[in-house]
Amino acid sequence: MTYEDDKKITMVSCGVLKAEIQTLREQYWPNLEVNFLSSMLHMKPEKLAASLESQLSDDFLKTHKYLLIYGDCCSSISNLSQRTEVVRTRCNNCIDLLLGREQYRRLSHEGAFFLLPEWMYRWESIFRSELGLDETNAKSMMGDLHTKLVLLDTGLAPVPSQKMDACAKYCGLPWESLPVSLDLLRNEIQFALNELTTAEVIDE
Amino acid sequence: MENIQSRLLEMIQKADRQGANNLLAAWSEEHGYEKLLKQILIPTLQHIGEEWRTSENFSIAQSYVAAKIVEDALFMTLKNKKDNVNTVSEKGPVVIGNIEDDFHSLGRRMVKTFLEADGWIVYDLGNDVTAEEFVDTAVEIGARVIGASAMMKTTAYNIKKLRKELDRRNLSGHIQLAVGGAVFMVSPNLEKEIGSDGSSSTAIDAPELFDELWEASLQQETVHE
Ligand code: B12
C-alpha cells in the first residue's frame with residue numbers, strides 16, 4: 001500500500017488489540033508503522049492523554065500523520081483527533097470497535113462485562129490492585145452492575161478458560177466466549193486511513 | 001461522636017462493608033436509628049468529600065463500599081423505623097438515568113443512594129436512556145429535576161438532545177437538568193456546552209444540587225404566574 005502524501009502515516013493503538021492489529025497489519029498495511037501503548041493506561045485516562053500528547057507533538061506532526069486506534073478513552077482524545085494530521089477510529093471503546101454499536105448495545109443491555117484476551121493476563125491485579133476490590137466487594141459490585149462476563153474471542157489465541165473460570169468465580173458471574181471476526185476492526189481502520197489521506201490508496 | 005466517625009472512616013478505608021455495618025448497627029441500637037444517616041454517616045462522608053473527588057486517594061472499592069454503607073444504613077433505618085417517627089422527609093419525585101449510549105452505571109447508582117438517603121423519591125431509568133424517555137417519565141410523574149449521568153465526552157454530548165427535547169416541549173426551567181459523571185470534572189466547559197442547569201462532582205453533593213434545582217423550578221413558576 002502506498003500513499004502519495006509525503007507525510008509518514010503511523011498507527012497508534014492501545015496494546016489491548018496488539019495481536020489483532022499486528023495480524024491485520026501484516027496482511028493489509030505492511031508498510032505502516034504501528035506503536036502500541038500500554039493497555040494499563042485504560043485505568044488512568046489522564047496518563048493516557050499525556051502519552052498520546054507526547055506521541056503527537058507538534059514536531060512529529062510536521063512529518064507524520066497519525067491514525068489513533070482508540071475509543072473515547074480520555075477526555076482530550078477528541079481534541080487531538082480534530083487536527084488534520086490525526087484521525088481516530090469511529091467508536092466509543094475497543095469493545096464496540098470489534099462488535100459494532102448495535103451488538104455492543106444489545107449485549108450491554110443484557111448486562112455483559114466484556115473481556116479481551118490481552119486483558120485476561122492481568123485480570124486479578126486489575127481487580128485487586130487497580131480497583132481495590134477483594135473477592136467479597138468484587139462479587140457485590142460486579143453483581144450489582146453486570147450479569148455475565150463475555151470474552152471476545154478474536155481467534156488468535158486459545159480461549160484462556162482457566163483464567164476465565166477464576167475471574168468469573170472472583171466476580172460471582174457466569175462467563176461465555178463470543179467468537180468475533182476482525183472484519184469490523186479492519187473496515188474501521190481502512191475507513192480512517194482513507195480519511196487521513198486524499199491520495200489514492202492501493203490496497204491488497 | 002468523633003470516635004465512631006473515625007472508626008467508620010477506618011472501615012471505609014479498608015473497604016470493609018460488614019465491619020462498618022456492624023459498627024453502625026451497634027451505635028444505632030444505643031442512640032436510635034433515626035439519627036444514623038443525618039448525624040453520623042452523611043457528615044462522615046462529607047468529611048472525606050475532598051478525597052472522594054480525587055480518585056488518586058480513593059479507590060473504586062472504597063467509594064463503592066461507602067455508597068453501599070449508606071444504602072445498608074437506609075435499609076436498616078427504614079426497617080427499624082417506628083411508625084410515629086418520620087426519619088426521612090419526602091422530596092421529589094425526580095428522574096435519573098445514564099444518557100443514551102452510556103452504560104457506566106456505578107456513579108448514577110451512587111447518586112440514587114444519596115438522594116434516597118436524603119428523602120428523595122427517585123425514578124431510576126437505568127442505562128442508555130433516550131431524551132424522549134427522560135422527558136416522558138418526568139412529565140408523567142411530575143418531576144422538576146432530571147439527573148443525567150455520562151462517563152465520557154461522546155456520551156455527554158448526547159445530553160444536548162435532552163436539553164433540545166426540554167426546549168421543544170417548552171419545559172426548560174420548569175424541569176431542571178442536572179448532569180454529572182467523570183468527564184465533567186476534567187472538562188469544565190462541557191457543562192455549559194451541553195446546556196445543563198447544574199452539576200456536582202460527587203454523589204454526596206447531589207442532594208444539595210437537587211434541592212437548589214427544585215427550588216429554581218419553583219421560582220421559575222412564580223415568575224411566570
Ligand atoms: C471502574 C471502572 C469500571 C467499573 C465500574 C463501571 C461503572 N462506573 O459503572 C467496571 C469494571 C464495571 C467498568 C466497566 C466498563 N468499562 Co470502565 N472504567 C472504570 C474506570 C477505571 C473508573 C470509572 C469509574 O467507575 N469511576 C467511579 C464512578 C463512581 O465515578 P463517576 O461515574 O464519575 O460518578 C461519580 C460522580 O461523577 C457523580 N455522578 C455520576 N453521575 C452523576 C449524575 C448526576 C446527575 C450527578 C449530580 C452526579 C453524578 O457521582 C459519582 C460518585 O461520586 C474508568 C477509567 C477512569 N479512571 O476513569 C474506566 C472507563 C470509564 N471504562 C471504560 C470501558 C470501555 C468500560 C467497559 C465497556 C469495559 C468492559 N470491559 O466491558 C465497561 C462498560 C460498562 C458496561 N456496563 O458496559 C472506558 C470508557 C470509554 C468509553 N467511551 O466507553 C474508561 C474511560 C476507560 C478508558 N480509559 O477507556 N469500568
# chains A, B, ... in the order shown; residues from 1 in each chain; ligands from 1
$ residues_around --residues "region 214-222 of chain B" --least-positions-apart "2" --cutoff "7 Å" --atoms "only C-alpha atoms" --output "JSON, numbers by chain"
{"B": [144, 145, 173, 174, 175, 176, 210, 211, 212, 224, 225]}
$ closest_atom_pairs --of "chain B" --to "ligand 1" --cutoff "6 Å" --atoms "only C-alpha atoms and all ligand atoms" --output "JSON lines"
{"residue": "B:Ile60", "atom": "CA", "partner": "ligand 1", "partner_atom_place_in_ligand_line": "27 (C)", "distance": 5.9}
{"residue": "B:Phe103", "atom": "CA", "partner": "ligand 1", "partner_atom_place_in_ligand_line": "77 (N)", "distance": 4.3}
{"residue": "B:His104", "atom": "CA", "partner": "ligand 1", "partner_atom_place_in_ligand_line": "9 (O)", "distance": 3.5}
{"residue": "B:Ser105", "atom": "CA", "partner": "ligand 1", "partner_atom_place_in_ligand_line": "9 (O)", "distance": 3.9}
{"residue": "B:Leu106", "atom": "CA", "partner": "ligand 1", "partner_atom_place_in_ligand_line": "9 (O)", "distance": 3.6}
{"residue": "B:Gly107", "atom": "CA", "partner": "ligand 1", "partner_atom_place_in_ligand_line": "34 (O)", "distance": 3.4}
{"residue": "B:Arg108", "atom": "CA", "partner": "ligand 1", "partner_atom_place_in_ligand_line": "41 (N)", "distance": 4.5}
{"residue": "B:Met110", "atom": "CA", "partner": "ligand 1", "partner_atom_place_in_ligand_line": "52 (C)", "distance": 5.7}
{"residue": "B:Val111", "atom": "CA", "partner": "ligand 1", "partner_atom_place_in_ligand_line": "50 (O)", "distance": 5.6}
{"residue": "B:Gly147", "atom": "CA", "partner": "ligand 1", "partner_atom_place_in_ligand_line": "45 (C)", "distance": 3.8}
{"residue": "B:Ala148", "atom": "CA", "partner": "ligand 1", "partner_atom_place_in_ligand_line": "45 (C)", "distance": 4.8}
{"residue": "B:Ser149", "atom": "CA", "partner": "ligand 1", "partner_atom_place_in_ligand_line": "43 (C)", "distance": 3.9}
{"residue": "B:Met151", "atom": "CA", "partner": "ligand 1", "partner_atom_place_in_ligand_line": "32 (O)", "distance": 5.6}
{"residue": "B:Met152", "atom": "CA", "partner": "ligand 1", "partner_atom_place_in_ligand_line": "83 (N)", "distance": 5.2}
{"residue": "B:Ala178", "atom": "CA", "partner": "ligand 1", "partner_atom_place_in_ligand_line": "45 (C)", "distance": 4.7}
{"residue": "B:Val179", "atom": "CA", "partner": "ligand 1", "partner_atom_place_in_ligand_line": "45 (C)", "distance": 4.0}
{"residue": "B:Gly180", "atom": "CA", "partner": "ligand 1", "partner_atom_place_in_ligand_line": "42 (C)", "distance": 3.5}
{"residue": "B:Gly181", "atom": "CA", "partner": "ligand 1", "partner_atom_place_in_ligand_line": "37 (O)", "distance": 3.2}
{"residue": "B:Ala182", "atom": "CA", "partner": "ligand 1", "partner_atom_place_in_ligand_line": "33 (O)", "distance": 3.4}
{"residue": "B:Ser199", "atom": "CA", "partner": "ligand 1", "partner_atom_place_in_ligand_line": "47 (C)", "distance": 5.0}
{"residue": "B:Ser200", "atom": "CA", "partner": "ligand 1", "partner_atom_place_in_ligand_line": "47 (C)", "distance": 4.6}
{"residue": "B:Ser201", "atom": "CA", "partner": "ligand 1", "partner_atom_place_in_ligand_line": "36 (C)", "distance": 5.2}
{"residue": "B:Thr202", "atom": "CA", "partner": "ligand 1", "partner_atom_place_in_ligand_line": "53 (O)", "distance": 3.3}
{"residue": "B:Ala203", "atom": "CA", "partner": "ligand 1", "partner_atom_place_in_ligand_line": "50 (O)", "distance": 3.7}
{"residue": "B:Ala206", "atom": "CA", "partner": "ligand 1", "partner_atom_place_in_ligand_line": "47 (C)", "distance": 4.7}
$ select_by_dssp --residues "region 34-167 of chain A" --states "strand (DSSP E or B)" --output "number ranges by chain"
A: 34-37, 64-69, 86-88, 112-115, 148-153
$ interface_residues --of "chain B" --to "chain A" --cutoff "9 Å" --atoms "only C-alpha atoms" --output "VMD selection string"
chain B and resid 15 to 17 59 to 62 64 to 65 101 103 to 106 127 to 128 152 to 155 183 186 to 187
$ write_last_selection --atoms "C-alpha atoms" --output "short mmCIF file (atom, residue, chain, number, x, y, z; two decimals), in the first residue's frame"
data_model
loop_
_atom_site.label_atom_id
_atom_site.label_comp_id
_atom_site.auth_asym_id
_atom_site.auth_seq_id
_atom_site.Cartn_x
_atom_site.Cartn_y
_atom_site.Cartn_z
CA ALA B 15 -13.41 -1.12 52.19
CA ASP B 16 -14.90 -3.24 54.98
CA ARG B 17 -18.65 -3.06 54.46
CA SER B 59 -10.13 3.59 45.17
CA ILE B 60 -13.20 2.37 43.33
CA ALA B 61 -13.65 -0.20 46.11
CA GLN B 62 -13.60 2.46 48.82
CA TYR B 64 -18.31 1.68 46.20
CA VAL B 65 -18.28 0.48 49.80
CA ASP B 101 -25.13 5.08 24.80
CA PHE B 103 -23.51 2.11 30.34
CA HIS B 104 -21.36 3.25 33.26
CA SER B 105 -23.98 2.91 35.92
CA LEU B 106 -21.95 2.90 39.13
CA ASN B 127 -28.62 2.84 31.31
CA ASP B 128 -28.76 4.15 27.72
CA MET B 152 -17.19 10.19 28.62
CA LYS B 153 -17.34 13.14 26.24
CA THR B 154 -19.05 11.29 23.41
CA THR B 155 -21.92 10.24 25.61
CA VAL B 183 -15.95 13.74 32.24
CA VAL B 186 -11.94 17.15 33.62
CA SER B 187 -13.76 19.34 31.07
#
$ residues_around --residues "Ile21 (chain A)" --least-positions-apart "6" --cutoff "9 Å" --atoms "only C-alpha atoms" --output "JSON, numbers by chain"
{"A": [13, 34, 185, 186]}
$ residues_around --residues "Gly155 (chain A)" --least-positions-apart "4" --cutoff "10 Å" --atoms "only C-alpha atoms" --output "PyMOL selection string"
chain A and resi 20+117+159+178-182
$ write_last_selection --atoms "all heavy atoms" --output "short mmCIF file (atom, residue, chain, number, x, y, z; two decimals), in the first residue's frame"
data_model
loop_
_atom_site.label_atom_id
_atom_site.label_comp_id
_atom_site.auth_asym_id
_atom_site.auth_seq_id
_atom_site.Cartn_x
_atom_site.Cartn_y
_atom_site.Cartn_z
N GLU A 20 -4.29 -8.49 17.39
CA GLU A 20 -5.27 -8.30 16.31
C GLU A 20 -4.74 -7.32 15.27
O GLU A 20 -4.81 -7.55 14.07
CB GLU A 20 -6.59 -7.79 16.89
CG GLU A 20 -7.38 -8.81 17.73
CD GLU A 20 -6.78 -9.07 19.11
OE1 GLU A 20 -5.91 -8.28 19.55
OE2 GLU A 20 -7.17 -10.08 19.74
N PRO A 117 -8.73 -10.86 25.22
CA PRO A 117 -7.69 -11.83 25.60
C PRO A 117 -6.49 -11.17 26.29
O PRO A 117 -6.01 -11.67 27.31
CB PRO A 117 -7.29 -12.45 24.26
CG PRO A 117 -8.52 -12.31 23.40
CD PRO A 117 -9.20 -11.05 23.83
N VAL A 159 -8.83 -19.85 23.86
CA VAL A 159 -9.62 -19.19 24.91
C VAL A 159 -8.98 -19.52 26.27
O VAL A 159 -8.77 -20.70 26.59
CB VAL A 159 -11.08 -19.70 24.86
CG1 VAL A 159 -11.85 -19.24 26.10
CG2 VAL A 159 -11.76 -19.22 23.59
N LEU A 178 -17.37 -15.33 23.03
CA LEU A 178 -18.09 -14.93 21.83
C LEU A 178 -17.08 -14.79 20.69
O LEU A 178 -16.21 -13.92 20.74
CB LEU A 178 -18.77 -13.57 22.11
CG LEU A 178 -19.52 -12.91 20.96
CD1 LEU A 178 -20.80 -13.68 20.63
CD2 LEU A 178 -19.87 -11.46 21.32
N PRO A 179 -17.19 -15.66 19.68
CA PRO A 179 -16.26 -15.53 18.55
C PRO A 179 -16.51 -14.22 17.80
O PRO A 179 -17.65 -13.86 17.54
CB PRO A 179 -16.62 -16.73 17.66
CG PRO A 179 -17.46 -17.62 18.50
CD PRO A 179 -18.14 -16.77 19.51
N VAL A 180 -15.42 -13.51 17.54
CA VAL A 180 -15.54 -12.21 16.88
C VAL A 180 -14.59 -12.16 15.69
O VAL A 180 -13.42 -12.48 15.82
CB VAL A 180 -15.12 -11.07 17.86
CG1 VAL A 180 -15.29 -9.71 17.21
CG2 VAL A 180 -15.93 -11.14 19.13
N SER A 181 -15.11 -11.75 14.54
CA SER A 181 -14.21 -11.63 13.38
C SER A 181 -13.51 -10.27 13.45
O SER A 181 -13.94 -9.37 14.16
CB SER A 181 -14.99 -11.77 12.07
OG SER A 181 -15.25 -10.50 11.53
N LEU A 182 -12.43 -10.16 12.68
CA LEU A 182 -11.69 -8.89 12.69
C LEU A 182 -12.17 -7.95 11.58
O LEU A 182 -11.58 -6.89 11.36
CB LEU A 182 -10.19 -9.15 12.54
CG LEU A 182 -9.55 -9.98 13.67
CD1 LEU A 182 -8.05 -10.14 13.44
CD2 LEU A 182 -9.80 -9.33 15.04
#
$ residues_around --residues "Gly126 (chain B)" --least-positions-apart "4" --cutoff "8 Å" --atoms "only C-alpha atoms" --output "PyMOL selection string"
chain B and resi 96-98+105
$ write_last_selection --atoms "C-alpha atoms" --output "mmCIF file, in the first residue's frame"
data_model
loop_
_atom_site.group_PDB
_atom_site.id
_atom_site.type_symbol
_atom_site.label_atom_id
_atom_site.label_comp_id
_atom_site.auth_asym_id
_atom_site.auth_seq_id
_atom_site.Cartn_x
_atom_site.Cartn_y
_atom_site.Cartn_z
ATOM 1 C CA ILE B 96 -32.269 9.886 36.884
ATOM 2 C CA GLY B 97 -30.515 7.715 34.317
ATOM 3 C CA ASN B 98 -27.422 7.258 32.183
ATOM 4 C CA SER B 105 -23.981 2.911 35.922
#
$ atom_distance --atom1 "CA of Asn3 (chain B)" --atom2 "CA of Lys112 (chain B)"
28.4 Å
$ closest_residue --among "B:Asp167, B:Leu74, B:Gly142, B:Val94" --to "Val122 (chain B)" --atoms "only C-alpha atoms"
B:Val94
